[in-house]
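Enquirer: Got target_7.csv for you, CSV, C-alpha atoms:
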```csv
chain,number,residue,atom,x,y,z
A,2,MET,CA,180.5,68.6,106.4
A,3,LEU,CA,179.2,68.1,110.0
A,4,ILE,CA,181.8,69.1,112.5
A,5,GLY,CA,180.0,68.8,115.8
A,6,GLY,CA,179.7,71.1,118.7
A,7,GLU,CA,181.1,74.2,120.4
A,8,ASN,CA,184.8,73.0,120.1
A,9,PHE,CA,184.7,72.7,116.3
A,10,ARG,CA,185.6,69.0,116.5
A,11,LEU,CA,183.8,66.1,114.9
A,12,TYR,CA,181.7,64.0,117.3
A,13,THR,CA,183.2,60.7,118.1
A,14,SER,CA,181.6,57.4,117.1
A,15,ARG,CA,181.0,56.9,120.8
A,16,TRP,CA,178.8,60.0,121.0
A,17,LYS,CA,176.8,58.9,118.0
A,18,GLU,CA,176.3,55.4,119.5
A,19,GLU,CA,175.2,56.9,122.8
A,20,VAL,CA,172.6,59.1,121.1
A,21,ARG,CA,171.4,56.3,118.8
A,22,GLY,CA,171.2,53.9,121.7
A,23,ASN,CA,169.1,56.2,123.8
A,24,THR,CA,166.7,56.9,121.0
A,25,ASP,CA,163.6,54.7,121.1
A,26,THR,CA,161.9,54.8,117.6
A,27,GLN,CA,159.2,52.3,118.5
A,28,ILE,CA,156.0,54.4,118.0
A,29,ASP,CA,152.7,52.7,118.8
A,30,ASN,CA,150.0,53.4,116.3
A,31,ILE,CA,147.3,53.1,119.0
A,32,TYR,CA,146.1,56.2,120.8
A,33,HIS,CA,146.7,56.2,124.6
A,34,ALA,CA,144.8,58.8,126.7
A,35,SER,CA,147.5,58.4,129.4
A,36,ARG,CA,150.1,60.0,127.0
A,37,ARG,CA,148.3,63.4,126.9
A,38,GLY,CA,150.2,66.2,128.5
A,39,ILE,CA,150.8,69.9,128.9
A,40,MET,CA,153.9,72.0,128.9
A,41,VAL,CA,154.6,73.5,132.3
A,42,ARG,CA,157.5,75.7,131.2
A,43,GLU,CA,159.4,76.8,128.1
A,44,SER,CA,161.1,73.9,126.5
A,45,LEU,CA,163.5,73.6,123.5
A,46,VAL,CA,162.4,71.1,120.8
A,47,ARG,CA,165.2,68.9,119.6
A,48,ALA,CA,165.6,66.7,116.5
A,49,LEU,CA,167.4,64.1,118.7
A,50,PRO,CA,167.3,63.4,122.4
A,51,THR,CA,170.4,65.4,123.3
A,52,ASP,CA,171.3,69.0,124.3
A,53,ASP,CA,174.5,68.8,122.3
A,54,PRO,CA,174.5,71.0,119.2
A,55,LEU,CA,175.4,69.8,115.7
A,56,PHE,CA,176.9,72.4,113.4
A,57,ASN,CA,177.9,72.4,109.8
A,58,ASP,CA,181.2,73.9,108.7
A,59,PRO,CA,181.3,77.5,110.1
A,60,ARG,CA,183.6,78.5,107.2
A,61,GLN,CA,180.5,78.2,104.9
A,62,ALA,CA,178.0,81.1,104.8
A,63,GLY,CA,175.0,80.5,107.0
A,64,GLU,CA,176.6,77.6,108.8
A,65,GLY,CA,178.1,77.1,112.3
A,66,TYR,CA,176.8,78.9,115.3
A,67,PRO,CA,173.9,79.6,115.9
A,68,PHE,CA,172.6,77.2,113.2
A,69,ASP,CA,172.3,74.1,115.2
A,70,ASN,CA,170.9,71.3,113.0
A,71,LEU,CA,169.3,69.7,116.0
A,72,GLN,CA,167.4,72.8,117.2
A,73,MET,CA,163.8,72.6,115.9
A,74,SER,CA,161.8,75.1,117.9
A,75,SER,CA,160.4,75.7,121.4
A,76,LEU,CA,157.2,75.0,123.1
A,77,ARG,CA,155.5,77.5,125.4
A,78,PRO,CA,153.9,76.9,128.8
A,79,GLY,CA,150.3,75.7,128.4
A,80,THR,CA,150.9,74.0,125.1
A,81,PRO,CA,149.0,70.6,124.8
A,82,VAL,CA,151.2,67.7,123.7
A,83,TYR,CA,150.9,64.0,123.1
A,84,THR,CA,153.9,61.7,123.8
A,85,LEU,CA,154.7,59.2,121.0
A,86,THR,CA,157.7,57.6,122.7
A,87,LYS,CA,160.4,58.2,125.3
A,88,SER,CA,164.1,58.0,125.3
A,89,LYS,CA,165.5,54.9,127.0
A,90,ASP,CA,166.9,56.9,129.9
A,91,GLN,CA,163.4,58.5,130.3
A,92,ARG,CA,164.9,62.0,130.2
A,93,TRP,CA,163.3,62.9,126.9
A,94,GLN,CA,159.9,62.6,125.3
A,95,TYR,CA,159.1,62.7,121.6
A,96,VAL,CA,155.9,64.8,121.4
A,97,VAL,CA,153.4,66.0,118.9
A,98,SER,CA,152.1,69.6,119.5
A,99,PRO,CA,149.9,71.9,117.5
A,100,ALA,CA,153.0,73.6,115.9
A,101,VAL,CA,155.9,71.2,116.0
A,102,THR,CA,157.1,67.6,116.7
A,103,GLY,CA,160.3,66.6,118.4
A,104,TRP,CA,162.2,65.7,121.6
A,105,VAL,CA,161.7,67.7,124.8
A,106,HIS,CA,162.8,67.3,128.4
A,107,SER,CA,160.5,65.1,130.4
A,108,GLU,CA,160.5,67.4,133.4
A,109,ASP,CA,159.0,70.2,131.2
A,110,ILE,CA,155.8,68.1,130.7
A,111,ALA,CA,153.0,67.2,133.1
A,112,SER,CA,150.6,64.4,132.3
A,113,THR,CA,146.9,65.3,132.0
A,114,ASP,CA,143.8,63.4,132.8
A,115,GLN,CA,140.2,64.1,131.6
A,116,LYS,CA,139.4,66.1,134.7
A,117,PHE,CA,142.3,68.5,134.2
A,118,ILE,CA,141.6,68.8,130.4
A,119,THR,CA,137.9,69.6,131.1
A,120,GLN,CA,138.8,72.2,133.7
A,121,TRP,CA,141.5,73.7,131.4
A,122,PHE,CA,139.4,74.0,128.3
A,123,CYS,CA,136.3,75.2,130.1
A,124,SER,CA,138.5,78.1,131.4
A,125,LEU,CA,140.0,78.6,127.9
A,126,THR,CA,136.7,78.7,126.2
A,127,SER,CA,135.3,81.6,128.3
A,128,ASN,CA,138.5,83.6,129.0
A,129,TRP,CA,141.8,83.4,127.3
A,130,GLY,CA,144.7,85.8,127.0
A,131,ALA,CA,148.2,86.4,125.9
A,132,PHE,CA,151.5,87.7,127.2
A,133,ILE,CA,152.3,91.2,125.8
A,134,ASN,CA,155.6,91.7,127.6
A,135,ALA,CA,158.9,89.8,127.9
A,136,PRO,CA,160.3,88.2,129.8
A,137,VAL,CA,157.6,87.8,132.4
A,138,SER,CA,158.4,85.8,135.5
A,139,VAL,CA,155.3,83.9,136.6
A,140,HIS,CA,155.5,83.3,140.3
A,141,ALA,CA,153.5,83.4,143.5
A,142,ALA,CA,154.4,83.2,147.2
A,143,GLY,CA,158.1,83.0,146.4
A,144,VAL,CA,157.6,80.0,144.0
A,145,TYR,CA,158.7,80.5,140.4
A,146,TYR,CA,156.7,78.6,137.8
A,147,PHE,CA,157.8,79.6,134.3
A,148,THR,CA,158.7,82.6,132.0
A,149,GLY,CA,156.0,84.0,129.7
A,150,ARG,CA,156.6,85.8,126.4
A,151,PRO,CA,154.5,87.1,123.5
A,152,GLY,CA,153.2,84.0,121.7
A,153,THR,CA,152.2,82.3,125.0
A,154,ILE,CA,148.5,82.1,125.6
A,155,LEU,CA,146.8,80.9,128.8
A,156,PRO,CA,143.3,80.9,130.3
A,157,PHE,CA,142.4,83.4,133.0
A,158,ARG,CA,139.6,83.4,135.5
A,159,HIS,CA,139.1,87.1,136.6
A,160,GLN,CA,140.1,90.5,135.4
A,161,ARG,CA,140.1,93.1,138.2
A,162,ALA,CA,141.7,96.6,138.6
A,163,GLY,CA,144.0,96.1,135.7
A,164,GLN,CA,145.1,92.6,136.7
A,165,PHE,CA,144.4,89.1,135.4
A,166,LEU,CA,144.1,85.9,137.4
A,167,ILE,CA,145.8,83.4,135.0
A,168,ALA,CA,145.9,79.6,135.0
A,169,ALA,CA,149.5,78.4,135.4
A,170,PRO,CA,149.9,74.7,134.6
A,171,VAL,CA,152.0,73.1,137.3
A,172,ARG,CA,153.6,69.6,137.6
A,173,ASP,CA,153.2,67.8,140.9
A,174,SER,CA,155.6,65.4,142.5
A,175,ASN,CA,154.0,62.5,140.6
A,176,GLY,CA,154.3,64.3,137.2
A,177,ARG,CA,150.6,65.1,137.0
A,178,ALA,CA,149.2,68.5,136.0
A,179,PHE,CA,147.2,70.8,138.1
A,180,ILE,CA,146.3,74.5,137.9
A,181,HIS,CA,147.7,77.2,140.1
A,182,TRP,CA,146.1,80.6,139.8
A,183,VAL,CA,148.5,83.6,139.6
A,184,TRP,CA,147.8,87.3,139.3
A,185,LEU,CA,149.5,89.2,136.5
A,186,SER,CA,149.4,92.9,135.7
A,187,GLY,CA,147.7,94.3,132.6
A,188,ASN,CA,151.2,95.4,131.4
A,189,GLU,CA,152.2,91.8,131.2
A,190,PHE,CA,149.0,90.0,130.0
A,191,THR,CA,145.8,90.9,128.2
A,192,ALA,CA,142.5,89.3,127.1
A,193,MET,CA,142.4,87.9,123.6
A,194,PRO,CA,141.8,88.8,120.9
A,195,TRP,CA,143.6,92.1,121.6
A,196,LYS,CA,142.4,94.9,119.4
A,197,MET,CA,144.9,95.5,116.6
A,198,THR,CA,145.7,99.2,116.9
A,199,PRO,CA,148.9,101.0,116.2
A,200,GLU,CA,149.3,101.6,120.0
A,201,ASN,CA,148.9,97.9,120.9
A,202,ILE,CA,151.3,96.8,118.1
A,203,ALA,CA,153.8,99.4,119.4
A,204,VAL,CA,153.5,97.9,122.9
A,205,LEU,CA,154.3,94.4,121.6
A,206,MET,CA,157.2,95.6,119.3
A,207,LYS,CA,158.7,97.5,122.2
A,208,ALA,CA,158.6,94.4,124.3
A,209,MET,CA,160.1,92.2,121.6
A,210,HIS,CA,162.6,94.7,120.2
A,211,GLY,CA,166.4,94.2,120.8
A,212,ALA,CA,166.3,90.5,121.6
A,213,PRO,CA,169.0,88.4,120.0
A,214,TYR,CA,168.3,86.2,117.0
A,215,GLY,CA,167.4,82.6,118.0
A,216,TRP,CA,167.6,80.0,115.3
A,217,GLY,CA,164.8,77.5,116.0
A,218,ASN,CA,164.1,79.5,119.2
A,219,PHE,CA,167.6,78.8,120.5
A,220,ASN,CA,167.8,80.2,124.1
A,221,PHE,CA,164.0,80.9,123.7
A,222,TYR,CA,164.7,83.8,121.4
A,223,ASN,CA,162.9,84.1,118.0
A,224,ASP,CA,163.9,83.5,114.5
A,225,CYS,CA,162.0,85.2,111.7
A,226,SER,CA,158.9,82.9,111.6
A,227,ALA,CA,158.7,82.7,115.4
A,228,GLU,CA,158.8,86.5,115.6
A,229,VAL,CA,155.9,86.9,113.1
A,230,ARG,CA,153.9,84.2,114.9
A,231,SER,CA,154.5,85.7,118.3
A,232,LEU,CA,153.7,89.2,117.1
A,233,LEU,CA,150.3,88.3,115.7
A,234,MET,CA,149.2,85.7,118.3
A,235,PRO,CA,147.8,88.2,120.9
A,236,PHE,CA,145.5,89.6,118.2
A,237,GLY,CA,143.9,86.2,117.6
A,238,ILE,CA,145.8,85.5,114.4
A,239,PHE,CA,147.2,82.0,114.6
A,240,LEU,CA,150.0,81.1,112.2
A,241,PRO,CA,152.0,77.8,111.8
A,242,ARG,CA,155.5,77.7,113.1
A,243,HIS,CA,157.6,77.7,109.9
A,244,SER,CA,157.7,80.3,107.2
A,245,SER,CA,156.7,78.1,104.3
A,246,ALA,CA,153.7,76.9,106.2
A,247,GLN,CA,152.8,80.5,107.2
A,248,VAL,CA,152.6,81.4,103.5
A,249,GLU,CA,150.5,78.4,102.7
A,250,ALA,CA,148.1,79.4,105.5
A,251,ALA,CA,147.6,82.9,104.1
A,252,GLY,CA,144.2,83.8,102.7
A,253,ARG,CA,145.7,85.3,99.6
A,254,VAL,CA,149.2,84.9,98.0
A,255,VAL,CA,150.6,87.2,95.3
A,256,ASP,CA,153.7,85.8,93.6
A,257,LEU,CA,156.2,88.7,92.8
A,258,SER,CA,159.2,86.5,92.3
A,259,HIS,CA,159.3,87.3,88.6
A,260,LYS,CA,159.2,91.0,89.2
A,261,SER,CA,162.1,93.4,89.5
A,262,PRO,CA,163.0,94.6,93.0
A,263,GLN,CA,161.6,98.0,92.3
A,264,MET,CA,158.3,96.6,91.0
A,265,ARG,CA,158.0,94.5,94.2
A,266,ILE,CA,158.6,97.6,96.4
A,267,ASP,CA,156.0,99.5,94.4
A,268,TYR,CA,153.4,96.8,94.8
A,269,LEU,CA,154.0,96.5,98.5
A,270,THR,CA,153.8,100.2,98.9
A,271,ARG,CA,150.5,100.4,97.1
A,272,TYR,CA,148.7,97.2,98.3
A,273,GLY,CA,150.6,96.1,101.5
A,274,LYS,CA,148.7,96.2,104.8
A,275,PRO,CA,150.8,97.0,107.8
A,276,PHE,CA,151.6,93.9,109.9
A,277,THR,CA,149.1,91.7,108.1
A,278,THR,CA,150.9,91.5,104.8
A,279,LEU,CA,153.8,89.0,105.0
A,280,VAL,CA,156.8,89.0,102.7
A,281,TYR,CA,158.2,85.5,102.0
A,282,ILE,CA,161.5,84.7,100.5
A,283,PRO,CA,162.4,80.9,100.7
A,284,GLY,CA,163.8,80.4,104.2
A,285,HIS,CA,162.7,83.8,105.5
A,286,ILE,CA,159.6,85.8,106.3
A,287,TYR,CA,158.7,89.2,107.7
A,288,ALA,CA,155.7,91.5,108.2
A,289,VAL,CA,155.3,94.7,106.2
A,290,TYR,CA,155.3,97.5,108.7
A,291,ARG,CA,154.3,100.5,106.6
```
Can you present the structure in this file as structure tokens?
Expert:
Amino acid sequence: MLIGGENFRLYTSRWKEEVRGNTDTQIDNIYHASRRGIMVRESLVRALPTDDPLFNDPRQAGEGYPFDNLQMSSLRPGTPVYTLTKSKDQRWQYVVSPAVTGWVHSEDIASTDQKFITQWFCSLTSNWGAFINAPVSVHAAGVYYFTGRPGTILPFRHQRAGQFLIAAPVRDSNGRAFIHWVWLSGNEFTAMPWKMTPENIAVLMKAMHGAPYGWGNFNFYNDCSAEVRSLLMPFGIFLPRHSSAQVEAAGRVVDLSHKSPQMRIDYLTRYGKPFTTLVYIPGHIYAVYR
């Protein structure tokens, strides 16, 4: 049973009508270059154009807070997107990204023209890097741009004295994207692919350790599949967003579901590779660490 939001009350028919009325489902099947964009800050991806949560009965196991049925994922700064449609109040855009599709706040997106795209990808082709600490406030001259975390990748122009001059995507007053170059320390950002050593993995795990669980990246925290994806991204290992898709993307899959728990442990102990062997149970995934 759906019971609504934070106050444990069912949403009224008026709320449903307002959300439905604001949702434009007319999606053009023609490609429009003007609908290309880039994320300029972290943005939660929603199943409907509303910030209101939608919980199932919290008296049931695995339901209620934080399992918001409308929370899909999040998009990181620098993620390319294509807008399929907009909400009628223009506050939301329904976007396609490399990892997820859903509704995001319009102010979190900047539109991109061919000039920007060429400049961005020319930078990305030669030098690209990843955040290895969290949270990292990206700012310059007293102006805050966005927060970076492991799993966010951006181009950089120079590396000097342990610092990186990174490309920060910024939205101008007309909603168009441009690049602002910002210096970050080598403790916050590194060139990709980062060498997968025990020391480097430890740096990432220390940065990510202790964060609250975030269903669908709620409050920009990680759930299980987002944690695995973010952990492996700096090393140049790109995984899909959801656990089932991550297993499908694996180069080799061994089905141990018919084995006893002890036989599964024995197999992982003998053949598992630290941090590159993933253990999948429907709805959950994690990386073997020893």
Enquirer: From the options A:Tyr145, A:Tyr272, A:Trp195, A:Trp129, which residue's atoms come nearest to Phe165 in chain A, counting all atoms listed in the file?
Expert: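 With all atoms listed in the file as the atom set, the closest residue is A:Trp129.
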Enquirer: Which residues are close to Asn218 in chain A, i.e. within 10 Å by only C-alpha atoms, leaving aside same-chain residues fewer than 6 positions away? Reply as a PDB file with C-alpha atoms, keeping the file's coordinate frame.
Expert:
```
ATOM      1  CA  SER A  44     161.100  73.900 126.500  1.00  0.00           C
ATOM      2  CA  LEU A  45     163.500  73.600 123.500  1.00  0.00           C
ATOM      3  CA  VAL A  46     162.400  71.100 120.800  1.00  0.00           C
ATOM      4  CA  GLN A  72     167.400  72.800 117.200  1.00  0.00           C
ATOM      5  CA  MET A  73     163.800  72.600 115.900  1.00  0.00           C
ATOM      6  CA  SER A  74     161.800  75.100 117.900  1.00  0.00           C
ATOM      7  CA  SER A  75     160.400  75.700 121.400  1.00  0.00           C
ATOM      8  CA  LEU A  76     157.200  75.000 123.100  1.00  0.00           C
ATOM      9  CA  ASP A 224     163.900  83.500 114.500  1.00  0.00           C
ATOM     10  CA  CYS A 225     162.000  85.200 111.700  1.00  0.00           C
ATOM     11  CA  SER A 226     158.900  82.900 111.600  1.00  0.00           C
ATOM     12  CA  ALA A 227     158.700  82.700 115.400  1.00  0.00           C
ATOM     13  CA  GLU A 228     158.800  86.500 115.600  1.00  0.00           C
TER      14      GLU A 228
END
```
Enquirer: Between A:Pro213, A:Trp184, A:His259, A:Phe276, which one has atoms that come closest to Ser138 in chain A, using all atoms listed in the file?
Expert: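 Selected residue with least distance to Ser138 in chain A: A:Trp184.
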Enquirer: For Glu7 in chain A, which of A:Asn57, A:Val171, A:Pro156, A:Val254 is the closest residue, counting only C-alpha atoms?
Expert: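 Checking each candidate against Glu7 in chain A, we get A:Asn57 as the closest.
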Enquirer: Using all atoms listed in the file, can you tell me which of A:Gln160, A:Asn201, A:Ser245, A:Thr51 comes closest to Arg21 in chain A?
Expert: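 Selected residue with least distance to Arg21 in chain A: A:Thr51.
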Enquirer: Please indicate the distance in Å from CA of Lys87 in chain A to CA of Arg230 in chain A, rounded to one decimal place.
Expert: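 Answer for the CA of Lys87 in chain A to CA of Arg230 in chain A separation: 28.7 Å.
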Enquirer: Within 7 Å of Gly149 in chain A, counting only C-alpha atoms, which residues qualify if same-chain residues fewer than 5 places away don't, as a PyMOL selection string?
Expert: chain A and resi 132+135-139
Enquirer: Identify which of the residues A:Val105, A:Met234, A:Leu240, A:Val255 lies closest to Leu155 in chain A, counting all atoms listed in the file when measuring atom-to-atom distances.
Expert: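 Nearest to Leu155 in chain A: A:Met234.
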Enquirer: Could you tell me how far CA of Pro78 in chain A lies from CA of Phe147 in chain A, in Å and to one decimal?
Expert: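 Taking CA of Pro78 in chain A as the start and CA of Phe147 in chain A as the end point, the length is 7.3 Å.
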Enquirer: Between CA of Gly163 in chain A and CA of Glu189 in chain A, measure the distance and give it in Å to one decimal.
Expert: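 Computed distance, CA of Gly163 in chain A to CA of Glu189 in chain A, equals 10.3 Å.
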Enquirer: Got a sec: who's within 10 Å of range 114-123 of chain A, counting only C-alpha atoms, leaving out chain neighbours fewer than 3 positions off, as a ChimeraX atom specification?
Expert: /A:34-39,79,81,111,126-129,155-157,168,170,177-180
Enquirer: Pick from A:Met197, A:Ala246, A:Ile110, A:Ala48: nearest to Asp173 in chain A, with only C-alpha atoms counted?
Expert: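 The shortest atom-to-atom distance to Asp173 in chain A comes from A:Ile110.
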Enquirer: Please provide as a list in words all residues within 7 Å of Trp216 in chain A, with the sequence filter that same-chain residues fewer than 4 positions apart are discarded (counting only C-alpha atoms).
Expert: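 Neighbouring residues, sequence-local ones excluded: Pro67, Phe68, Asn223 and Asp224 of chain A.
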Enquirer: Could those residues be written to a file, using C-alpha atoms, as a PDB file, keeping the file's coordinate frame?
Expert:
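Once written, again19.pdb looks like this:
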```pdb
ATOM      1  CA  PRO A  67     173.900  79.600 115.900  1.00  0.00           C
ATOM      2  CA  PHE A  68     172.600  77.200 113.200  1.00  0.00           C
ATOM      3  CA  ASN A 223     162.900  84.100 118.000  1.00  0.00           C
ATOM      4  CA  ASP A 224     163.900  83.500 114.500  1.00  0.00           C
TER       5      ASP A 224
END
```
Enquirer: In file coordinates, which residues lie within 12 Å of (151.1, 83.8, 101.7) using all atoms listed in the file, given as a list in words?
Expert: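 In the file's frame, the residues around the point are Leu240, Pro241, Ser244, Ser245, Ala246, Gln247, Val248, Glu249, Ala250, Ala251, Gly252, Arg253, Val254, Val255, Asp256, Leu257, Thr277, Thr278, Leu279, Val280, Tyr281, Ile282, Pro283, Ile286, Tyr287 and Ala288 of chain A.
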Enquirer: What's the 10 Å shell around Pro50 in chain A, counting only C-alpha atoms, without same-chain residues fewer than 2 positions away, as number ranges by chain?
Expert: A: 20-21, 23-25, 46-48, 52-53, 71, 87-90, 92-95, 103-106
Enquirer: Please save C-alpha atoms of the selected residues as a PDB file, in the coordinates of the input.
Expert:
```pdb
ATOM      1  CA  VAL A  20     172.600  59.100 121.100  1.00  0.00           C
ATOM      2  CA  ARG A  21     171.400  56.300 118.800  1.00  0.00           C
ATOM      3  CA  ASN A  23     169.100  56.200 123.800  1.00  0.00           C
ATOM      4  CA  THR A  24     166.700  56.900 121.000  1.00  0.00           C
ATOM      5  CA  ASP A  25     163.600  54.700 121.100  1.00  0.00           C
ATOM      6  CA  VAL A  46     162.400  71.100 120.800  1.00  0.00           C
ATOM      7  CA  ARG A  47     165.200  68.900 119.600  1.00  0.00           C
ATOM      8  CA  ALA A  48     165.600  66.700 116.500  1.00  0.00           C
ATOM      9  CA  ASP A  52     171.300  69.000 124.300  1.00  0.00           C
ATOM     10  CA  ASP A  53     174.500  68.800 122.300  1.00  0.00           C
ATOM     11  CA  LEU A  71     169.300  69.700 116.000  1.00  0.00           C
ATOM     12  CA  LYS A  87     160.400  58.200 125.300  1.00  0.00           C
ATOM     13  CA  SER A  88     164.100  58.000 125.300  1.00  0.00           C
ATOM     14  CA  LYS A  89     165.500  54.900 127.000  1.00  0.00           C
ATOM     15  CA  ASP A  90     166.900  56.900 129.900  1.00  0.00           C
ATOM     16  CA  ARG A  92     164.900  62.000 130.200  1.00  0.00           C
ATOM     17  CA  TRP A  93     163.300  62.900 126.900  1.00  0.00           C
ATOM     18  CA  GLN A  94     159.900  62.600 125.300  1.00  0.00           C
ATOM     19  CA  TYR A  95     159.100  62.700 121.600  1.00  0.00           C
ATOM     20  CA  GLY A 103     160.300  66.600 118.400  1.00  0.00           C
ATOM     21  CA  TRP A 104     162.200  65.700 121.600  1.00  0.00           C
ATOM     22  CA  VAL A 105     161.700  67.700 124.800  1.00  0.00           C
ATOM     23  CA  HIS A 106     162.800  67.300 128.400  1.00  0.00           C
TER      24      HIS A 106
END
```
